[in-house]
$ cat data_31.pdb   # PDB, C-alpha atoms, pLDDT in the B column
ATOM      1  CA  MET A   9       2.561 -14.881   3.736  1.00 51.00           C
ATOM      2  CA  LYS A  10       1.866 -16.543   7.085  1.00 58.00           C
ATOM      3  CA  LYS A  11       2.272 -13.226   8.933  1.00 63.00           C
ATOM      4  CA  SER A  12      -0.176 -11.491   6.609  1.00 64.00           C
ATOM      5  CA  LEU A  13      -2.727 -14.271   6.922  1.00 65.00           C
ATOM      6  CA  SER A  14      -2.367 -14.296  10.720  1.00 70.00           C
ATOM      7  CA  ALA A  15      -2.826 -10.521  10.898  1.00 70.00           C
ATOM      8  CA  ILE A  16      -5.960 -10.688   8.743  1.00 67.00           C
ATOM      9  CA  LEU A  17      -7.481 -13.512  10.805  1.00 67.00           C
ATOM     10  CA  ILE A  18      -6.743 -11.778  14.119  1.00 73.00           C
ATOM     11  CA  SER A  19      -8.247  -8.546  12.750  1.00 68.00           C
ATOM     12  CA  LEU A  20     -11.401 -10.312  11.610  1.00 65.00           C
ATOM     13  CA  LEU A  21     -11.727 -12.002  14.992  1.00 67.00           C
ATOM     14  CA  ALA A  22     -11.353  -8.669  16.789  1.00 65.00           C
ATOM     15  CA  ILE A  23     -13.898  -7.009  14.494  1.00 62.00           C
ATOM     16  CA  SER A  24     -16.432  -9.805  14.999  1.00 62.00           C
ATOM     17  CA  TYR A  25     -16.470  -9.239  18.780  1.00 65.00           C
ATOM     18  CA  ALA A  26     -16.515  -5.450  18.653  1.00 57.00           C
ATOM     19  CA  ALA A  27     -19.695  -3.587  19.457  1.00 67.00           C
ATOM     20  CA  ASP A  28     -19.151  -0.836  16.901  1.00 81.00           C
ATOM     21  CA  VAL A  29     -16.687  -0.603  13.989  1.00 83.00           C
ATOM     22  CA  THR A  30     -15.842   2.876  12.705  1.00 87.00           C
ATOM     23  CA  PRO A  31     -13.494   3.715   9.811  1.00 91.00           C
ATOM     24  CA  THR A  32     -11.181   6.675  10.413  1.00 93.00           C
ATOM     25  CA  ILE A  33      -9.224   9.013   8.168  1.00 95.00           C
ATOM     26  CA  SER A  34      -6.453  11.171   9.619  1.00 94.00           C
ATOM     27  CA  LEU A  35      -3.992  13.796   8.499  1.00 93.00           C
ATOM     28  CA  ARG A  36      -0.881  13.333  10.665  1.00 89.00           C
ATOM     29  CA  VAL A  37       2.131  15.589  11.132  1.00 87.00           C
ATOM     30  CA  GLY A  38       4.944  13.172  11.955  1.00 75.00           C
ATOM     31  CA  ASP A  39       7.393  15.343  13.937  1.00 77.00           C
ATOM     32  CA  MET A  40       6.203  18.759  15.075  1.00 75.00           C
ATOM     33  CA  ILE A  41       9.375  19.585  17.027  1.00 75.00           C
ATOM     34  CA  ASN A  42      11.968  19.093  14.274  1.00 73.00           C
ATOM     35  CA  ASP A  43       9.910  19.376  11.073  1.00 69.00           C
ATOM     36  CA  GLY A  44       7.144  21.750  12.157  1.00 68.00           C
ATOM     37  CA  LEU A  45       4.031  21.551  10.015  1.00 69.00           C
ATOM     38  CA  ALA A  46       6.037  21.009   6.829  1.00 67.00           C
ATOM     39  CA  PHE A  47       5.018  17.412   6.160  1.00 77.00           C
ATOM     40  CA  ALA A  48       1.648  15.769   6.781  1.00 83.00           C
ATOM     41  CA  SER A  49       0.669  12.274   5.691  1.00 87.00           C
ATOM     42  CA  PRO A  50      -2.748  10.638   5.302  1.00 92.00           C
ATOM     43  CA  VAL A  51      -3.594   7.744   7.649  1.00 94.00           C
ATOM     44  CA  ILE A  52      -6.468   5.266   7.387  1.00 94.00           C
ATOM     45  CA  GLY A  53      -7.708   2.953  10.096  1.00 93.00           C
ATOM     46  CA  LEU A  54     -10.505   1.209  11.962  1.00 90.00           C
ATOM     47  CA  LYS A  55     -11.720   2.033  15.468  1.00 90.00           C
ATOM     48  CA  LEU A  56     -13.452  -0.730  17.421  1.00 85.00           C
ATOM     49  CA  SER A  57     -15.655   0.358  20.332  1.00 84.00           C
ATOM     50  CA  GLY A  58     -15.931  -2.039  23.239  1.00 76.00           C
ATOM     51  CA  SER A  59     -17.525  -1.887  26.649  1.00 73.00           C
ATOM     52  CA  GLU A  60     -16.896   0.599  29.454  1.00 77.00           C
ATOM     53  CA  ASP A  61     -15.794   3.480  27.185  1.00 82.00           C
ATOM     54  CA  VAL A  62     -12.753   1.566  25.868  1.00 88.00           C
ATOM     55  CA  THR A  63     -11.909   1.660  22.180  1.00 89.00           C
ATOM     56  CA  THR A  64      -9.169  -0.118  20.333  1.00 89.00           C
ATOM     57  CA  GLY A  65      -8.107   0.023  16.742  1.00 91.00           C
ATOM     58  CA  PHE A  66      -5.388   0.052  14.170  1.00 91.00           C
ATOM     59  CA  ASP A  67      -4.178   2.544  11.606  1.00 92.00           C
ATOM     60  CA  ALA A  68      -1.583   2.640   8.850  1.00 90.00           C
ATOM     61  CA  ASN A  69       0.080   5.009   6.433  1.00 88.00           C
ATOM     62  CA  ALA A  70       2.877   4.609   3.867  1.00 84.00           C
ATOM     63  CA  THR A  71       5.673   4.265   6.438  1.00 84.00           C
ATOM     64  CA  SER A  72       4.112   2.751   9.581  1.00 87.00           C
ATOM     65  CA  SER A  73       1.279   0.754  11.069  1.00 89.00           C
ATOM     66  CA  ARG A  74       0.118   0.444  14.679  1.00 91.00           C
ATOM     67  CA  ILE A  75      -2.505  -0.866  17.064  1.00 93.00           C
ATOM     68  CA  TYR A  76      -3.797   1.179  19.981  1.00 94.00           C
ATOM     69  CA  ILE A  77      -6.128   1.192  22.953  1.00 92.00           C
ATOM     70  CA  GLU A  78      -7.927   4.355  24.028  1.00 91.00           C
ATOM     71  CA  ARG A  79      -9.893   5.572  27.041  1.00 89.00           C
ATOM     72  CA  SER A  80     -11.452   8.978  27.629  1.00 84.00           C
ATOM     73  CA  TYR A  81      -8.229  10.317  29.176  1.00 88.00           C
ATOM     74  CA  GLY A  82      -5.549   8.878  26.888  1.00 93.00           C
ATOM     75  CA  LYS A  83      -4.288   6.586  24.183  1.00 93.00           C
ATOM     76  CA  VAL A  84      -1.431   4.046  24.146  1.00 95.00           C
ATOM     77  CA  GLY A  85      -0.171   2.446  20.944  1.00 93.00           C
ATOM     78  CA  PHE A  86       2.388   0.001  19.599  1.00 92.00           C
ATOM     79  CA  GLY A  87       3.515   0.001  15.992  1.00 89.00           C
ATOM     80  CA  THR A  88       6.224  -0.864  13.525  1.00 88.00           C
ATOM     81  CA  TYR A  89       7.832   0.980  10.655  1.00 83.00           C
ATOM     82  CA  THR A  90       7.055  -0.453   7.226  1.00 84.00           C
ATOM     83  CA  GLY A  91       7.445   0.326   3.560  1.00 77.00           C
ATOM     84  CA  THR A  92      10.010   2.955   2.603  1.00 74.00           C
ATOM     85  CA  HIS A  93      10.982   4.011   6.138  1.00 68.00           C
ATOM     86  CA  ALA A  94      14.695   3.906   7.045  1.00 70.00           C
ATOM     87  CA  ASP A  95      14.009   1.744  10.142  1.00 72.00           C
ATOM     88  CA  THR A  96      11.747  -0.846   8.501  1.00 78.00           C
ATOM     89  CA  GLY A  97      10.779  -3.509  11.028  1.00 77.00           C
ATOM     90  CA  SER A  98      11.699  -1.455  14.110  1.00 82.00           C
ATOM     91  CA  PRO A  99       8.977  -0.985  16.748  1.00 85.00           C
ATOM     92  CA  TYR A 100       7.782   2.285  18.236  1.00 88.00           C
ATOM     93  CA  PHE A 101       5.428   3.219  21.078  1.00 93.00           C
ATOM     94  CA  THR A 102       2.958   6.097  21.341  1.00 92.00           C
ATOM     95  CA  VAL A 103       1.374   7.811  24.336  1.00 95.00           C
ATOM     96  CA  GLY A 104      -1.084  10.641  23.895  1.00 95.00           C
ATOM     97  CA  THR A 105      -4.539  12.054  24.162  1.00 93.00           C
ATOM     98  CA  SER A 106      -7.431  13.108  21.963  1.00 90.00           C
ATOM     99  CA  TYR A 107      -9.673  16.166  22.014  1.00 90.00           C
ATOM    100  CA  SER A 108     -13.088  16.232  20.328  1.00 89.00           C
ATOM    101  CA  ALA A 109     -12.983  19.520  18.423  1.00 89.00           C
ATOM    102  CA  TYR A 110     -16.305  19.377  16.584  1.00 89.00           C
ATOM    103  CA  GLY A 111     -18.719  16.488  16.070  1.00 87.00           C
ATOM    104  CA  ASN A 112     -16.646  13.603  14.778  1.00 88.00           C
ATOM    105  CA  LEU A 113     -13.442  15.665  14.249  1.00 93.00           C
ATOM    106  CA  ASN A 114     -10.726  14.912  16.828  1.00 92.00           C
ATOM    107  CA  VAL A 115      -7.369  16.571  17.419  1.00 93.00           C
ATOM    108  CA  GLU A 116      -4.819  14.047  18.695  1.00 93.00           C
ATOM    109  CA  LEU A 117      -1.431  14.795  20.220  1.00 93.00           C
ATOM    110  CA  GLU A 118       0.958  11.868  20.756  1.00 93.00           C
ATOM    111  CA  TYR A 119       4.535  11.362  21.858  1.00 92.00           C
ATOM    112  CA  VAL A 120       6.355   8.709  19.795  1.00 89.00           C
ATOM    113  CA  MET A 121       9.113   6.792  21.588  1.00 87.00           C
ATOM    114  CA  ASN A 122      11.683   5.336  19.189  1.00 80.00           C
ATOM    115  CA  ASN A 123      14.108   3.734  21.652  1.00 71.00           C
ATOM    116  CA  LEU A 124      14.544   0.591  19.542  1.00 71.00           C
ATOM    117  CA  ALA A 125      14.820   2.356  16.168  1.00 65.00           C
ATOM    118  CA  THR A 126      18.404   3.318  15.345  1.00 69.00           C
ATOM    119  CA  GLY A 127      17.891   6.068  12.769  1.00 68.00           C
ATOM    120  CA  THR A 128      14.802   7.786  14.154  1.00 71.00           C
ATOM    121  CA  ALA A 129      14.584  10.143  17.130  1.00 77.00           C
ATOM    122  CA  ASP A 130      11.608  10.551  19.460  1.00 82.00           C
ATOM    123  CA  ALA A 131       8.845  12.735  18.027  1.00 84.00           C
ATOM    124  CA  LEU A 132       5.742  14.677  18.924  1.00 89.00           C
ATOM    125  CA  GLN A 133       3.006  14.093  16.362  1.00 90.00           C
ATOM    126  CA  MET A 134      -0.353  15.759  15.857  1.00 91.00           C
ATOM    127  CA  SER A 135      -3.301  14.327  13.926  1.00 92.00           C
ATOM    128  CA  LEU A 136      -6.652  15.605  12.715  1.00 93.00           C
ATOM    129  CA  THR A 137      -8.921  12.550  12.683  1.00 93.00           C
ATOM    130  CA  VAL A 138     -12.418  12.117  11.293  1.00 94.00           C
ATOM    131  CA  ALA A 139     -14.432   9.057  12.324  1.00 89.00           C
ATOM    132  CA  PHE A 140     -17.417   8.031  10.195  1.00 86.00           C
TER
END
$ encode --input "data_31.pdb" --output "structure tokens"
Amino acid sequence: MKKSLSAILISLLAISYAADVTPTISLRVGDMINDGLAFASPVIGLKLSGSEDVTTGFDANATSSRIYIERSYGKVGFGTYTGTHADTGSPYFTVGTSYSAYGNLNVELEYVMNNLATGTADALQMSLTVAF
């Protein structure tokens, strides 16, 4: 309960200082190398625009949640597996980039490093993200 309350309070504090808050909806392919395009999962999140072309945010789906920071040339994220995932509680790291395909539709390609998760290998994930 304390962790949930702390996460909510920190999120509200971050949102209150952000210049622009944008909800996002994504369709993410979790592992393009091993699974191909066979499985895609929906992801929801919030993107918080700051100063000097820096954005930060968080997103979550049924098996993971993460926070990230993004510049025009790349994105770095830190997350943890949750819910029904085999490595619940294990952290993962993402490094990637985003391409603006059309208007507010972005194509994101990220490498997921799972060094601390025992049952999950590294992955290359692709997302189609719409920001409102």
$ closest_residue --input "data_31.pdb" --among "A:Ser57, A:Thr63, A:Thr88, A:Thr71" --to "Arg36 (chain A)" --atoms "all atoms listed in the file"
A:Thr71
$ residues_near_point --input "data_31.pdb" --point "(-3.9, 5.4, 25.3)" --cutoff "12 Å" --atoms "all atoms listed in the file" --output "PyMOL selection string"
chain A and resi 62-65+75-86+101-106+116-119
$ atom_distance --input "data_31.pdb" --atom1 "CA of Asp39 (chain A)" --atom2 "CA of Leu132 (chain A)"
5.3 Å
$ resolve_selection --input "data_31.pdb" --expression "the PyMOL selection byres ((chain A and resi 69) around 12)" --output "ChimeraX atom specification"
/A:33-38,48-53,66-68,70-74,87-93
$ atom_distance --input "data_31.pdb" --atom1 "CA of Thr30 (chain A)" --atom2 "CA of Leu54 (chain A)"
5.6 Å
$ atom_distance --input "data_31.pdb" --atom1 "CA of Ile41 (chain A)" --atom2 "CA of Ser135 (chain A)"
14.1 Å
$ decode --input "data_31.pdb" --residues "region 79-107 of chain A" --atoms "N, CA and C atoms" --output "mmCIF file, in the first residue's frame"
data_model
loop_
_atom_site.group_PDB
_atom_site.id
_atom_site.type_symbol
_atom_site.label_atom_id
_atom_site.label_comp_id
_atom_site.auth_asym_id
_atom_site.auth_seq_id
_atom_site.Cartn_x
_atom_site.Cartn_y
_atom_site.Cartn_z
ATOM 1 N N ARG A 79 14.912 12.342 -25.672
ATOM 2 C CA ARG A 79 15.376 13.524 -26.405
ATOM 3 C C ARG A 79 15.068 13.285 -27.876
ATOM 4 N N SER A 80 15.451 14.216 -28.729
ATOM 5 C CA SER A 80 15.151 14.069 -30.150
ATOM 6 C C SER A 80 15.900 12.896 -30.776
ATOM 7 N N TYR A 81 17.010 12.482 -30.217
ATOM 8 C CA TYR A 81 17.839 11.440 -30.814
ATOM 9 C C TYR A 81 17.698 10.079 -30.144
ATOM 10 N N GLY A 82 17.024 9.968 -29.012
ATOM 11 C CA GLY A 82 16.909 8.669 -28.377
ATOM 12 C C GLY A 82 16.075 8.659 -27.123
ATOM 13 N N LYS A 83 15.886 7.453 -26.614
ATOM 14 C CA LYS A 83 15.045 7.234 -25.439
ATOM 15 C C LYS A 83 15.713 6.189 -24.555
ATOM 16 N N VAL A 84 15.731 6.436 -23.236
ATOM 17 C CA VAL A 84 16.277 5.505 -22.260
ATOM 18 C C VAL A 84 15.198 5.252 -21.219
ATOM 19 N N GLY A 85 14.984 3.990 -20.863
ATOM 20 C CA GLY A 85 13.936 3.670 -19.903
ATOM 21 C C GLY A 85 14.362 2.640 -18.882
ATOM 22 N N PHE A 86 13.655 2.627 -17.772
ATOM 23 C CA PHE A 86 13.851 1.671 -16.689
ATOM 24 C C PHE A 86 12.490 1.166 -16.249
ATOM 25 N N GLY A 87 12.329 -0.143 -16.194
ATOM 26 C CA GLY A 87 11.030 -0.691 -15.826
ATOM 27 C C GLY A 87 11.147 -1.938 -14.990
ATOM 28 N N THR A 88 9.994 -2.490 -14.657
ATOM 29 C CA THR A 88 9.929 -3.732 -13.900
ATOM 30 C C THR A 88 8.781 -4.575 -14.430
ATOM 31 N N TYR A 89 8.957 -5.879 -14.349
ATOM 32 C CA TYR A 89 7.913 -6.796 -14.779
ATOM 33 C C TYR A 89 6.880 -6.934 -13.673
ATOM 34 N N THR A 90 5.617 -6.933 -14.050
ATOM 35 C CA THR A 90 4.520 -6.991 -13.086
ATOM 36 C C THR A 90 3.491 -8.016 -13.542
ATOM 37 N N GLY A 91 2.474 -8.172 -12.757
ATOM 38 C CA GLY A 91 1.314 -8.971 -13.150
ATOM 39 C C GLY A 91 1.620 -10.438 -13.346
ATOM 40 N N THR A 92 1.308 -10.952 -14.538
ATOM 41 C CA THR A 92 1.406 -12.377 -14.823
ATOM 42 C C THR A 92 2.732 -12.776 -15.455
ATOM 43 N N HIS A 93 3.697 -11.891 -15.512
ATOM 44 C CA HIS A 93 4.989 -12.195 -16.124
ATOM 45 C C HIS A 93 5.766 -13.189 -15.263
ATOM 46 N N ALA A 94 6.578 -14.041 -15.906
ATOM 47 C CA ALA A 94 7.347 -15.055 -15.182
ATOM 48 C C ALA A 94 8.387 -14.439 -14.246
ATOM 49 N N ASP A 95 8.936 -13.280 -14.595
ATOM 50 C CA ASP A 95 9.961 -12.612 -13.792
ATOM 51 C C ASP A 95 9.390 -11.417 -13.033
ATOM 52 N N THR A 96 8.261 -11.569 -12.390
ATOM 53 C CA THR A 96 7.626 -10.475 -11.669
ATOM 54 C C THR A 96 8.578 -9.890 -10.637
ATOM 55 N N GLY A 97 8.743 -8.555 -10.703
ATOM 56 C CA GLY A 97 9.624 -7.852 -9.786
ATOM 57 C C GLY A 97 11.024 -7.632 -10.317
ATOM 58 N N SER A 98 11.396 -8.279 -11.409
ATOM 59 C CA SER A 98 12.736 -8.103 -11.980
ATOM 60 C C SER A 98 12.787 -6.834 -12.825
ATOM 61 N N PRO A 99 13.890 -6.095 -12.759
ATOM 62 C CA PRO A 99 14.002 -4.864 -13.560
ATOM 63 C C PRO A 99 14.475 -5.150 -14.983
ATOM 64 N N TYR A 100 14.211 -4.207 -15.866
ATOM 65 C CA TYR A 100 14.749 -4.252 -17.221
ATOM 66 C C TYR A 100 15.057 -2.824 -17.658
ATOM 67 N N PHE A 101 15.906 -2.695 -18.669
ATOM 68 C CA PHE A 101 16.336 -1.397 -19.178
ATOM 69 C C PHE A 101 16.075 -1.342 -20.671
ATOM 70 N N THR A 102 15.699 -0.184 -21.175
ATOM 71 C CA THR A 102 15.457 -0.022 -22.611
ATOM 72 C C THR A 102 16.287 1.126 -23.158
ATOM 73 N N VAL A 103 16.755 0.955 -24.392
ATOM 74 C CA VAL A 103 17.472 1.981 -25.130
ATOM 75 C C VAL A 103 16.925 1.945 -26.538
ATOM 76 N N GLY A 104 16.519 3.096 -27.065
ATOM 77 C CA GLY A 104 15.959 3.092 -28.404
ATOM 78 C C GLY A 104 15.765 4.475 -28.969
ATOM 79 N N THR A 105 15.001 4.515 -30.036
ATOM 80 C CA THR A 105 14.730 5.775 -30.705
ATOM 81 C C THR A 105 13.298 5.781 -31.225
ATOM 82 N N SER A 106 12.862 6.945 -31.657
ATOM 83 C CA SER A 106 11.500 7.134 -32.130
ATOM 84 C C SER A 106 11.524 7.892 -33.449
ATOM 85 N N TYR A 107 10.625 7.522 -34.347
ATOM 86 C CA TYR A 107 10.516 8.175 -35.641
ATOM 87 C C TYR A 107 9.081 8.657 -35.817
#
